[in-house]
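As stored in data.txt (compact mmCIF, N, CA and C atoms):
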```txt
# COMPACT_ATOMS: atom_id res chain seq x y z
N TRP A 1 10.24 -32.03 45.32
CA TRP A 1 9.48 -32.17 44.11
C TRP A 1 8.83 -33.53 44.12
N ASP A 2 7.51 -33.55 43.96
CA ASP A 2 6.76 -34.80 44.00
C ASP A 2 5.96 -34.92 42.71
N MET A 3 6.13 -36.05 42.04
CA MET A 3 5.44 -36.27 40.78
C MET A 3 4.63 -37.54 40.88
N LYS A 4 3.45 -37.54 40.33
CA LYS A 4 2.59 -38.71 40.33
C LYS A 4 2.11 -38.94 38.91
N SER A 5 2.22 -40.19 38.44
CA SER A 5 1.73 -40.56 37.12
C SER A 5 0.62 -41.57 37.28
N GLU A 6 -0.38 -41.44 36.44
CA GLU A 6 -1.54 -42.30 36.58
C GLU A 6 -2.09 -42.64 35.20
N CYS A 7 -2.49 -43.89 35.04
CA CYS A 7 -3.13 -44.34 33.82
C CYS A 7 -4.62 -44.54 34.13
N LYS A 8 -5.48 -43.97 33.29
CA LYS A 8 -6.93 -44.06 33.52
C LYS A 8 -7.62 -44.62 32.29
N ILE A 9 -8.69 -45.37 32.53
CA ILE A 9 -9.54 -45.84 31.45
C ILE A 9 -10.99 -45.66 31.86
N LYS A 10 -11.77 -45.20 30.92
CA LYS A 10 -13.20 -45.04 31.17
C LYS A 10 -13.93 -45.78 30.05
N LEU A 11 -14.57 -46.90 30.40
CA LEU A 11 -15.21 -47.73 29.40
C LEU A 11 -16.61 -47.26 29.04
N ASN A 12 -17.31 -46.79 30.02
CA ASN A 12 -18.64 -46.23 29.78
C ASN A 12 -18.94 -45.26 30.92
N ASN A 13 -20.12 -44.78 31.00
CA ASN A 13 -20.45 -43.80 32.03
C ASN A 13 -20.43 -44.37 33.44
N SER A 14 -20.47 -45.69 33.56
CA SER A 14 -20.54 -46.28 34.90
C SER A 14 -19.24 -46.95 35.35
N PHE A 15 -18.24 -47.15 34.46
CA PHE A 15 -17.03 -47.86 34.85
C PHE A 15 -15.79 -47.04 34.50
N GLU A 16 -15.00 -46.76 35.52
CA GLU A 16 -13.73 -46.05 35.35
C GLU A 16 -12.70 -46.73 36.23
N CYS A 17 -11.49 -46.90 35.71
CA CYS A 17 -10.42 -47.58 36.45
C CYS A 17 -9.15 -46.76 36.29
N SER A 18 -8.30 -46.77 37.33
CA SER A 18 -7.02 -46.06 37.25
C SER A 18 -5.96 -46.83 38.02
N LYS A 19 -4.71 -46.62 37.63
CA LYS A 19 -3.57 -47.26 38.30
C LYS A 19 -2.42 -46.27 38.31
N GLU A 20 -1.79 -46.14 39.47
CA GLU A 20 -0.61 -45.27 39.58
C GLU A 20 0.58 -45.97 38.93
N LEU A 21 1.39 -45.22 38.19
CA LEU A 21 2.53 -45.78 37.47
C LEU A 21 3.83 -45.38 38.13
N ASP A 22 4.80 -46.29 38.09
CA ASP A 22 6.16 -46.00 38.53
C ASP A 22 6.98 -45.62 37.30
N ILE A 23 7.43 -44.38 37.25
CA ILE A 23 8.20 -43.90 36.10
C ILE A 23 9.58 -43.48 36.58
N ILE A 24 10.60 -43.93 35.85
CA ILE A 24 11.97 -43.52 36.12
C ILE A 24 12.43 -42.70 34.92
N LEU A 25 12.83 -41.48 35.16
CA LEU A 25 13.30 -40.61 34.10
C LEU A 25 14.82 -40.73 34.02
N TYR A 26 15.33 -41.14 32.88
CA TYR A 26 16.77 -41.34 32.70
C TYR A 26 17.36 -40.21 31.87
N GLN A 27 18.60 -39.92 32.15
CA GLN A 27 19.37 -39.01 31.30
C GLN A 27 20.78 -39.56 31.24
N ILE A 28 21.54 -39.12 30.28
CA ILE A 28 22.93 -39.57 30.16
C ILE A 28 23.73 -38.95 31.29
N PRO A 29 24.36 -39.78 32.14
CA PRO A 29 25.11 -39.23 33.27
C PRO A 29 26.45 -38.64 32.84
N GLU A 30 27.01 -37.87 33.72
CA GLU A 30 28.35 -37.32 33.51
C GLU A 30 29.37 -38.40 33.87
N VAL A 31 30.25 -38.73 32.93
CA VAL A 31 31.21 -39.82 33.13
C VAL A 31 32.62 -39.26 32.98
N HIS A 32 33.49 -39.64 33.91
CA HIS A 32 34.90 -39.27 33.85
C HIS A 32 35.73 -40.55 33.80
N LEU A 33 36.56 -40.68 32.80
CA LEU A 33 37.42 -41.85 32.65
C LEU A 33 38.86 -41.41 32.78
N PHE A 34 39.60 -42.10 33.66
CA PHE A 34 40.99 -41.75 33.90
C PHE A 34 41.88 -42.94 33.57
N ILE A 35 42.97 -42.68 32.86
CA ILE A 35 44.00 -43.67 32.58
C ILE A 35 45.26 -43.17 33.25
N THR A 36 45.88 -44.02 34.06
CA THR A 36 47.01 -43.58 34.88
C THR A 36 48.29 -43.35 34.08
N GLU A 37 48.37 -43.88 32.88
CA GLU A 37 49.58 -43.73 32.07
C GLU A 37 49.51 -42.45 31.24
N THR A 38 50.64 -41.77 31.10
CA THR A 38 50.70 -40.57 30.26
C THR A 38 51.37 -40.85 28.92
N LYS A 39 51.95 -42.04 28.78
CA LYS A 39 52.61 -42.39 27.52
C LYS A 39 51.60 -43.09 26.59
N THR A 40 52.03 -43.36 25.37
CA THR A 40 51.19 -44.07 24.41
C THR A 40 50.92 -45.48 24.91
N LEU A 41 49.67 -45.90 24.83
CA LEU A 41 49.30 -47.23 25.29
C LEU A 41 49.70 -48.26 24.25
N GLY A 42 50.16 -49.43 24.74
CA GLY A 42 50.59 -50.49 23.83
C GLY A 42 49.87 -51.79 24.10
N GLU A 43 50.02 -52.73 23.18
CA GLU A 43 49.40 -54.04 23.33
C GLU A 43 50.12 -54.87 24.37
N GLU A 44 49.41 -55.89 24.87
CA GLU A 44 49.96 -56.86 25.83
C GLU A 44 50.48 -56.21 27.10
N THR A 45 49.92 -55.07 27.48
CA THR A 45 50.31 -54.37 28.70
C THR A 45 49.05 -54.08 29.51
N ASN A 46 49.13 -54.28 30.81
CA ASN A 46 48.00 -53.98 31.69
C ASN A 46 48.03 -52.51 32.09
N TYR A 47 46.86 -51.90 32.13
CA TYR A 47 46.72 -50.51 32.53
C TYR A 47 45.59 -50.40 33.54
N LYS A 48 45.69 -49.44 34.42
CA LYS A 48 44.64 -49.20 35.40
C LYS A 48 43.69 -48.14 34.85
N LEU A 49 42.41 -48.50 34.75
CA LEU A 49 41.38 -47.57 34.29
C LEU A 49 40.47 -47.25 35.45
N GLN A 50 40.08 -46.00 35.58
CA GLN A 50 39.13 -45.59 36.62
C GLN A 50 37.99 -44.85 35.94
N CYS A 51 36.78 -45.19 36.36
CA CYS A 51 35.60 -44.57 35.79
C CYS A 51 34.75 -44.03 36.93
N TYR A 52 34.41 -42.76 36.87
CA TYR A 52 33.54 -42.12 37.86
C TYR A 52 32.26 -41.68 37.15
N VAL A 53 31.13 -42.11 37.67
CA VAL A 53 29.84 -41.72 37.11
C VAL A 53 29.16 -40.83 38.13
N CYS A 54 28.82 -39.62 37.72
CA CYS A 54 28.27 -38.62 38.64
C CYS A 54 26.79 -38.37 38.38
N ASP A 55 26.11 -37.94 39.43
CA ASP A 55 24.71 -37.50 39.33
C ASP A 55 23.78 -38.58 38.78
N VAL A 56 23.83 -39.77 39.38
CA VAL A 56 22.97 -40.86 38.96
C VAL A 56 22.06 -41.23 40.12
N ALA A 57 20.78 -41.34 39.84
CA ALA A 57 19.84 -41.76 40.86
C ALA A 57 18.68 -42.49 40.19
N PRO A 58 18.25 -43.57 40.73
CA PRO A 58 18.81 -44.33 41.84
C PRO A 58 20.04 -45.12 41.40
N ALA A 59 21.06 -45.11 42.22
CA ALA A 59 22.34 -45.72 41.88
C ALA A 59 22.22 -47.22 41.64
N GLN A 60 21.28 -47.88 42.29
CA GLN A 60 21.16 -49.33 42.11
C GLN A 60 20.70 -49.70 40.70
N ASN A 61 20.22 -48.75 39.92
CA ASN A 61 19.82 -49.02 38.54
C ASN A 61 20.93 -48.74 37.54
N LEU A 62 22.09 -48.34 38.01
CA LEU A 62 23.21 -48.02 37.13
C LEU A 62 23.96 -49.28 36.74
N THR A 63 24.28 -49.40 35.46
CA THR A 63 25.12 -50.49 34.96
C THR A 63 26.28 -49.87 34.20
N VAL A 64 27.50 -50.25 34.55
CA VAL A 64 28.70 -49.80 33.84
C VAL A 64 29.31 -51.02 33.18
N ARG A 65 29.57 -50.93 31.89
CA ARG A 65 30.16 -52.05 31.15
C ARG A 65 31.49 -51.60 30.54
N TRP A 66 32.49 -52.47 30.63
CA TRP A 66 33.79 -52.22 30.01
C TRP A 66 33.88 -53.09 28.76
N TYR A 67 34.33 -52.50 27.66
CA TYR A 67 34.46 -53.23 26.41
C TYR A 67 35.92 -53.22 25.96
N ARG A 68 36.31 -54.33 25.31
CA ARG A 68 37.60 -54.40 24.63
C ARG A 68 37.33 -55.05 23.28
N SER A 69 37.64 -54.36 22.21
CA SER A 69 37.38 -54.86 20.85
C SER A 69 35.94 -55.32 20.68
N ASP A 70 35.01 -54.50 21.11
CA ASP A 70 33.58 -54.76 21.00
C ASP A 70 33.11 -55.95 21.83
N GLU A 71 33.93 -56.43 22.74
CA GLU A 71 33.53 -57.52 23.64
C GLU A 71 33.44 -56.97 25.05
N ILE A 72 32.36 -57.35 25.75
CA ILE A 72 32.19 -56.89 27.13
C ILE A 72 33.16 -57.64 28.03
N ARG A 73 33.76 -56.94 28.98
CA ARG A 73 34.72 -57.56 29.91
C ARG A 73 34.19 -57.52 31.32
```

The structure given in the file should be rewritten as structure tokens.
Amino acid sequence: WDMKSECKIKLNNSFECSKELDIILYQIPEVHLFITETKTLGEETNYKLQCYVCDVAPAQNLTVRWYRSDEIR
């Protein structure tokens, strides 16, 4: 599948200009979050969290942020 986007302007009958555009279409990816503990989580305890993000392209544009109490970690 090949898509091309272009922006064109025509100022008068003698001048027309165009430029090809780079467009990235984003969608919300499928995310799986795993916590290794099966018991109730408590304060002051370390836990291992795993996050898998599926079906993302291009991957270099992906940013994953972890938050604790509304603060990024």

**Study point:** Residues within 8 Å of Val56 in chain A, all atoms listed in the file, excluding chain neighbours under 4 positions, as a VMD selection string
**Key:** chain A and resid 28 to 30 60 to 62

Exercise for review: Find the residues around Glu37 in chain A up to 9 Å (only C-alpha atoms counted), leave out those fewer than 4 positions away in its own chain, and share them as a PyMOL selection string.
Suggested key: chain A and resi 41+47-48

Contacts of Cys7 in chain A at 12 Å (only C-alpha atoms; same-chain gap of 6+ positions) as an mmCIF file with N, CA and C atoms, keeping the file's coordinate frame:
```cif
data_model
loop_
_atom_site.group_PDB
_atom_site.id
_atom_site.type_symbol
_atom_site.label_atom_id
_atom_site.label_comp_id
_atom_site.auth_asym_id
_atom_site.auth_seq_id
_atom_site.Cartn_x
_atom_site.Cartn_y
_atom_site.Cartn_z
ATOM 1 N N GLU A 16 -15.000 -46.760 35.520
ATOM 2 C CA GLU A 16 -13.730 -46.050 35.350
ATOM 3 C C GLU A 16 -12.700 -46.730 36.230
ATOM 4 N N CYS A 17 -11.490 -46.900 35.710
ATOM 5 C CA CYS A 17 -10.420 -47.580 36.450
ATOM 6 C C CYS A 17 -9.150 -46.760 36.290
ATOM 7 N N SER A 18 -8.300 -46.770 37.330
ATOM 8 C CA SER A 18 -7.020 -46.060 37.250
ATOM 9 C C SER A 18 -5.960 -46.830 38.020
ATOM 10 N N LYS A 19 -4.710 -46.620 37.630
ATOM 11 C CA LYS A 19 -3.570 -47.260 38.300
ATOM 12 C C LYS A 19 -2.420 -46.270 38.310
ATOM 13 N N GLU A 20 -1.790 -46.140 39.470
ATOM 14 C CA GLU A 20 -0.610 -45.270 39.580
ATOM 15 C C GLU A 20 0.580 -45.970 38.930
ATOM 16 N N LEU A 21 1.390 -45.220 38.190
ATOM 17 C CA LEU A 21 2.530 -45.780 37.470
ATOM 18 C C LEU A 21 3.830 -45.380 38.130
ATOM 19 N N ASP A 22 4.800 -46.290 38.090
ATOM 20 C CA ASP A 22 6.160 -46.000 38.530
ATOM 21 C C ASP A 22 6.980 -45.620 37.300
ATOM 22 N N ILE A 23 7.430 -44.380 37.250
ATOM 23 C CA ILE A 23 8.200 -43.900 36.100
ATOM 24 C C ILE A 23 9.580 -43.480 36.580
#
```

Exercise for review: Write out as a ChimeraX atom specification all residues of chain A that DSSP puts in strand (DSSP E or B) for this structure's backbone.
Suggested key: /A:5-12,15-21,30-35,49-54,67-68,71-72

For N, CA and C atoms, I'd like the residues from the last selection saved as a short mmCIF file (atom, residue, chain, number, x, y, z; two decimals), in the coordinates of the input.
```cif
data_model
loop_
_atom_site.label_atom_id
_atom_site.label_comp_id
_atom_site.auth_asym_id
_atom_site.auth_seq_id
_atom_site.Cartn_x
_atom_site.Cartn_y
_atom_site.Cartn_z
N SER A 5 2.22 -40.19 38.44
CA SER A 5 1.73 -40.56 37.12
C SER A 5 0.62 -41.57 37.28
N GLU A 6 -0.38 -41.44 36.44
CA GLU A 6 -1.54 -42.30 36.58
C GLU A 6 -2.09 -42.64 35.20
N CYS A 7 -2.49 -43.89 35.04
CA CYS A 7 -3.13 -44.34 33.82
C CYS A 7 -4.62 -44.54 34.13
N LYS A 8 -5.48 -43.97 33.29
CA LYS A 8 -6.93 -44.06 33.52
C LYS A 8 -7.62 -44.62 32.29
N ILE A 9 -8.69 -45.37 32.53
CA ILE A 9 -9.54 -45.84 31.45
C ILE A 9 -10.99 -45.66 31.86
N LYS A 10 -11.77 -45.20 30.92
CA LYS A 10 -13.20 -45.04 31.17
C LYS A 10 -13.93 -45.78 30.05
N LEU A 11 -14.57 -46.90 30.40
CA LEU A 11 -15.21 -47.73 29.40
C LEU A 11 -16.61 -47.26 29.04
N ASN A 12 -17.31 -46.79 30.02
CA ASN A 12 -18.64 -46.23 29.78
C ASN A 12 -18.94 -45.26 30.92
N PHE A 15 -18.24 -47.15 34.46
CA PHE A 15 -17.03 -47.86 34.85
C PHE A 15 -15.79 -47.04 34.50
N GLU A 16 -15.00 -46.76 35.52
CA GLU A 16 -13.73 -46.05 35.35
C GLU A 16 -12.70 -46.73 36.23
N CYS A 17 -11.49 -46.90 35.71
CA CYS A 17 -10.42 -47.58 36.45
C CYS A 17 -9.15 -46.76 36.29
N SER A 18 -8.30 -46.77 37.33
CA SER A 18 -7.02 -46.06 37.25
C SER A 18 -5.96 -46.83 38.02
N LYS A 19 -4.71 -46.62 37.63
CA LYS A 19 -3.57 -47.26 38.30
C LYS A 19 -2.42 -46.27 38.31
N GLU A 20 -1.79 -46.14 39.47
CA GLU A 20 -0.61 -45.27 39.58
C GLU A 20 0.58 -45.97 38.93
N LEU A 21 1.39 -45.22 38.19
CA LEU A 21 2.53 -45.78 37.47
C LEU A 21 3.83 -45.38 38.13
N GLU A 30 27.01 -37.87 33.72
CA GLU A 30 28.35 -37.32 33.51
C GLU A 30 29.37 -38.40 33.87
N VAL A 31 30.25 -38.73 32.93
CA VAL A 31 31.21 -39.82 33.13
C VAL A 31 32.62 -39.26 32.98
N HIS A 32 33.49 -39.64 33.91
CA HIS A 32 34.90 -39.27 33.85
C HIS A 32 35.73 -40.55 33.80
N LEU A 33 36.56 -40.68 32.80
CA LEU A 33 37.42 -41.85 32.65
C LEU A 33 38.86 -41.41 32.78
N PHE A 34 39.60 -42.10 33.66
CA PHE A 34 40.99 -41.75 33.90
C PHE A 34 41.88 -42.94 33.57
N ILE A 35 42.97 -42.68 32.86
CA ILE A 35 44.00 -43.67 32.58
C ILE A 35 45.26 -43.17 33.25
N LEU A 49 42.41 -48.50 34.75
CA LEU A 49 41.38 -47.57 34.29
C LEU A 49 40.47 -47.25 35.45
N GLN A 50 40.08 -46.00 35.58
CA GLN A 50 39.13 -45.59 36.62
C GLN A 50 37.99 -44.85 35.94
N CYS A 51 36.78 -45.19 36.36
CA CYS A 51 35.60 -44.57 35.79
C CYS A 51 34.75 -44.03 36.93
N TYR A 52 34.41 -42.76 36.87
CA TYR A 52 33.54 -42.12 37.86
C TYR A 52 32.26 -41.68 37.15
N VAL A 53 31.13 -42.11 37.67
CA VAL A 53 29.84 -41.72 37.11
C VAL A 53 29.16 -40.83 38.13
N CYS A 54 28.82 -39.62 37.72
CA CYS A 54 28.27 -38.62 38.64
C CYS A 54 26.79 -38.37 38.38
N TYR A 67 34.33 -52.50 27.66
CA TYR A 67 34.46 -53.23 26.41
C TYR A 67 35.92 -53.22 25.96
N ARG A 68 36.31 -54.33 25.31
CA ARG A 68 37.60 -54.40 24.63
C ARG A 68 37.33 -55.05 23.28
N GLU A 71 33.93 -56.43 22.74
CA GLU A 71 33.53 -57.52 23.64
C GLU A 71 33.44 -56.97 25.05
N ILE A 72 32.36 -57.35 25.75
CA ILE A 72 32.19 -56.89 27.13
C ILE A 72 33.16 -57.64 28.03
#
```

Practice item. May I ask for the distance between atom C of Thr36 in chain A and CA of Asp70 in chain A, given in Å to one decimal place? Key: 22.8 Å

Revision key, fill the gap. Among A:Asn13, A:Gln27, A:Thr40, A:Ser5, Pro58 in chain A is approached most closely, using only C-alpha atoms, by A:Gln27

Only C-alpha atoms, as a PDB file, in the first residue's frame: that is what I want for range 23-70 of chain A.
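Result went into result_6.pdb, see below:
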```pdb
ATOM      1  CA  ILE A  23       2.179  12.134   7.175  1.00  0.00           C
ATOM      2  CA  ILE A  24       2.244   9.646  10.035  1.00  0.00           C
ATOM      3  CA  LEU A  25      -1.105   8.111  10.913  1.00  0.00           C
ATOM      4  CA  TYR A  26      -1.315   7.229  14.607  1.00  0.00           C
ATOM      5  CA  GLN A  27      -3.706   4.976  16.435  1.00  0.00           C
ATOM      6  CA  ILE A  28      -3.851   3.799  20.025  1.00  0.00           C
ATOM      7  CA  PRO A  29      -1.657   0.677  20.206  1.00  0.00           C
ATOM      8  CA  GLU A  30      -2.528  -2.547  21.957  1.00  0.00           C
ATOM      9  CA  VAL A  31      -0.846  -2.505  25.387  1.00  0.00           C
ATOM     10  CA  HIS A  32      -0.394  -5.413  27.796  1.00  0.00           C
ATOM     11  CA  LEU A  33       0.726  -4.687  31.354  1.00  0.00           C
ATOM     12  CA  PHE A  34       1.860  -7.521  33.602  1.00  0.00           C
ATOM     13  CA  ILE A  35       2.482  -7.442  37.350  1.00  0.00           C
ATOM     14  CA  THR A  36       4.330 -10.482  38.666  1.00  0.00           C
ATOM     15  CA  GLU A  37       2.621 -10.456  42.076  1.00  0.00           C
ATOM     16  CA  THR A  38      -0.761 -12.132  42.584  1.00  0.00           C
ATOM     17  CA  LYS A  39      -1.332 -10.722  46.076  1.00  0.00           C
ATOM     18  CA  THR A  40      -2.535  -7.239  47.016  1.00  0.00           C
ATOM     19  CA  LEU A  41       0.113  -4.628  46.321  1.00  0.00           C
ATOM     20  CA  GLY A  42       1.407  -2.633  49.275  1.00  0.00           C
ATOM     21  CA  GLU A  43       3.378   0.526  49.917  1.00  0.00           C
ATOM     22  CA  GLU A  44       7.173   0.638  50.306  1.00  0.00           C
ATOM     23  CA  THR A  45       7.563  -2.594  48.301  1.00  0.00           C
ATOM     24  CA  ASN A  46       9.256  -3.014  44.930  1.00  0.00           C
ATOM     25  CA  TYR A  47       7.377  -4.820  42.185  1.00  0.00           C
ATOM     26  CA  LYS A  48       8.368  -5.879  38.696  1.00  0.00           C
ATOM     27  CA  LEU A  49       6.173  -4.372  35.976  1.00  0.00           C
ATOM     28  CA  GLN A  50       6.303  -5.461  32.344  1.00  0.00           C
ATOM     29  CA  CYS A  51       4.710  -3.562  29.502  1.00  0.00           C
ATOM     30  CA  TYR A  52       4.346  -4.916  25.960  1.00  0.00           C
ATOM     31  CA  VAL A  53       3.219  -2.579  23.189  1.00  0.00           C
ATOM     32  CA  CYS A  54       2.063  -4.356  20.036  1.00  0.00           C
ATOM     33  CA  ASP A  55       1.499  -3.285  16.439  1.00  0.00           C
ATOM     34  CA  VAL A  56       3.394   0.013  16.505  1.00  0.00           C
ATOM     35  CA  ALA A  57       5.121   1.441  13.475  1.00  0.00           C
ATOM     36  CA  PRO A  58       7.501   3.129  13.192  1.00  0.00           C
ATOM     37  CA  ALA A  59       8.781   1.866  16.537  1.00  0.00           C
ATOM     38  CA  GLN A  60      11.332   4.668  16.876  1.00  0.00           C
ATOM     39  CA  ASN A  61       8.429   7.123  17.317  1.00  0.00           C
ATOM     40  CA  LEU A  62       7.006   5.223  20.296  1.00  0.00           C
ATOM     41  CA  THR A  63       7.298   6.733  23.773  1.00  0.00           C
ATOM     42  CA  VAL A  64       6.313   4.765  26.887  1.00  0.00           C
ATOM     43  CA  ARG A  65       6.043   6.672  30.164  1.00  0.00           C
ATOM     44  CA  TRP A  66       5.642   5.217  33.657  1.00  0.00           C
ATOM     45  CA  TYR A  67       3.790   7.301  36.238  1.00  0.00           C
ATOM     46  CA  ARG A  68       3.577   7.083  40.015  1.00  0.00           C
ATOM     47  CA  SER A  69       1.153   9.449  41.762  1.00  0.00           C
ATOM     48  CA  ASP A  70       0.872  11.571  38.606  1.00  0.00           C
TER      49      ASP A  70
END
```
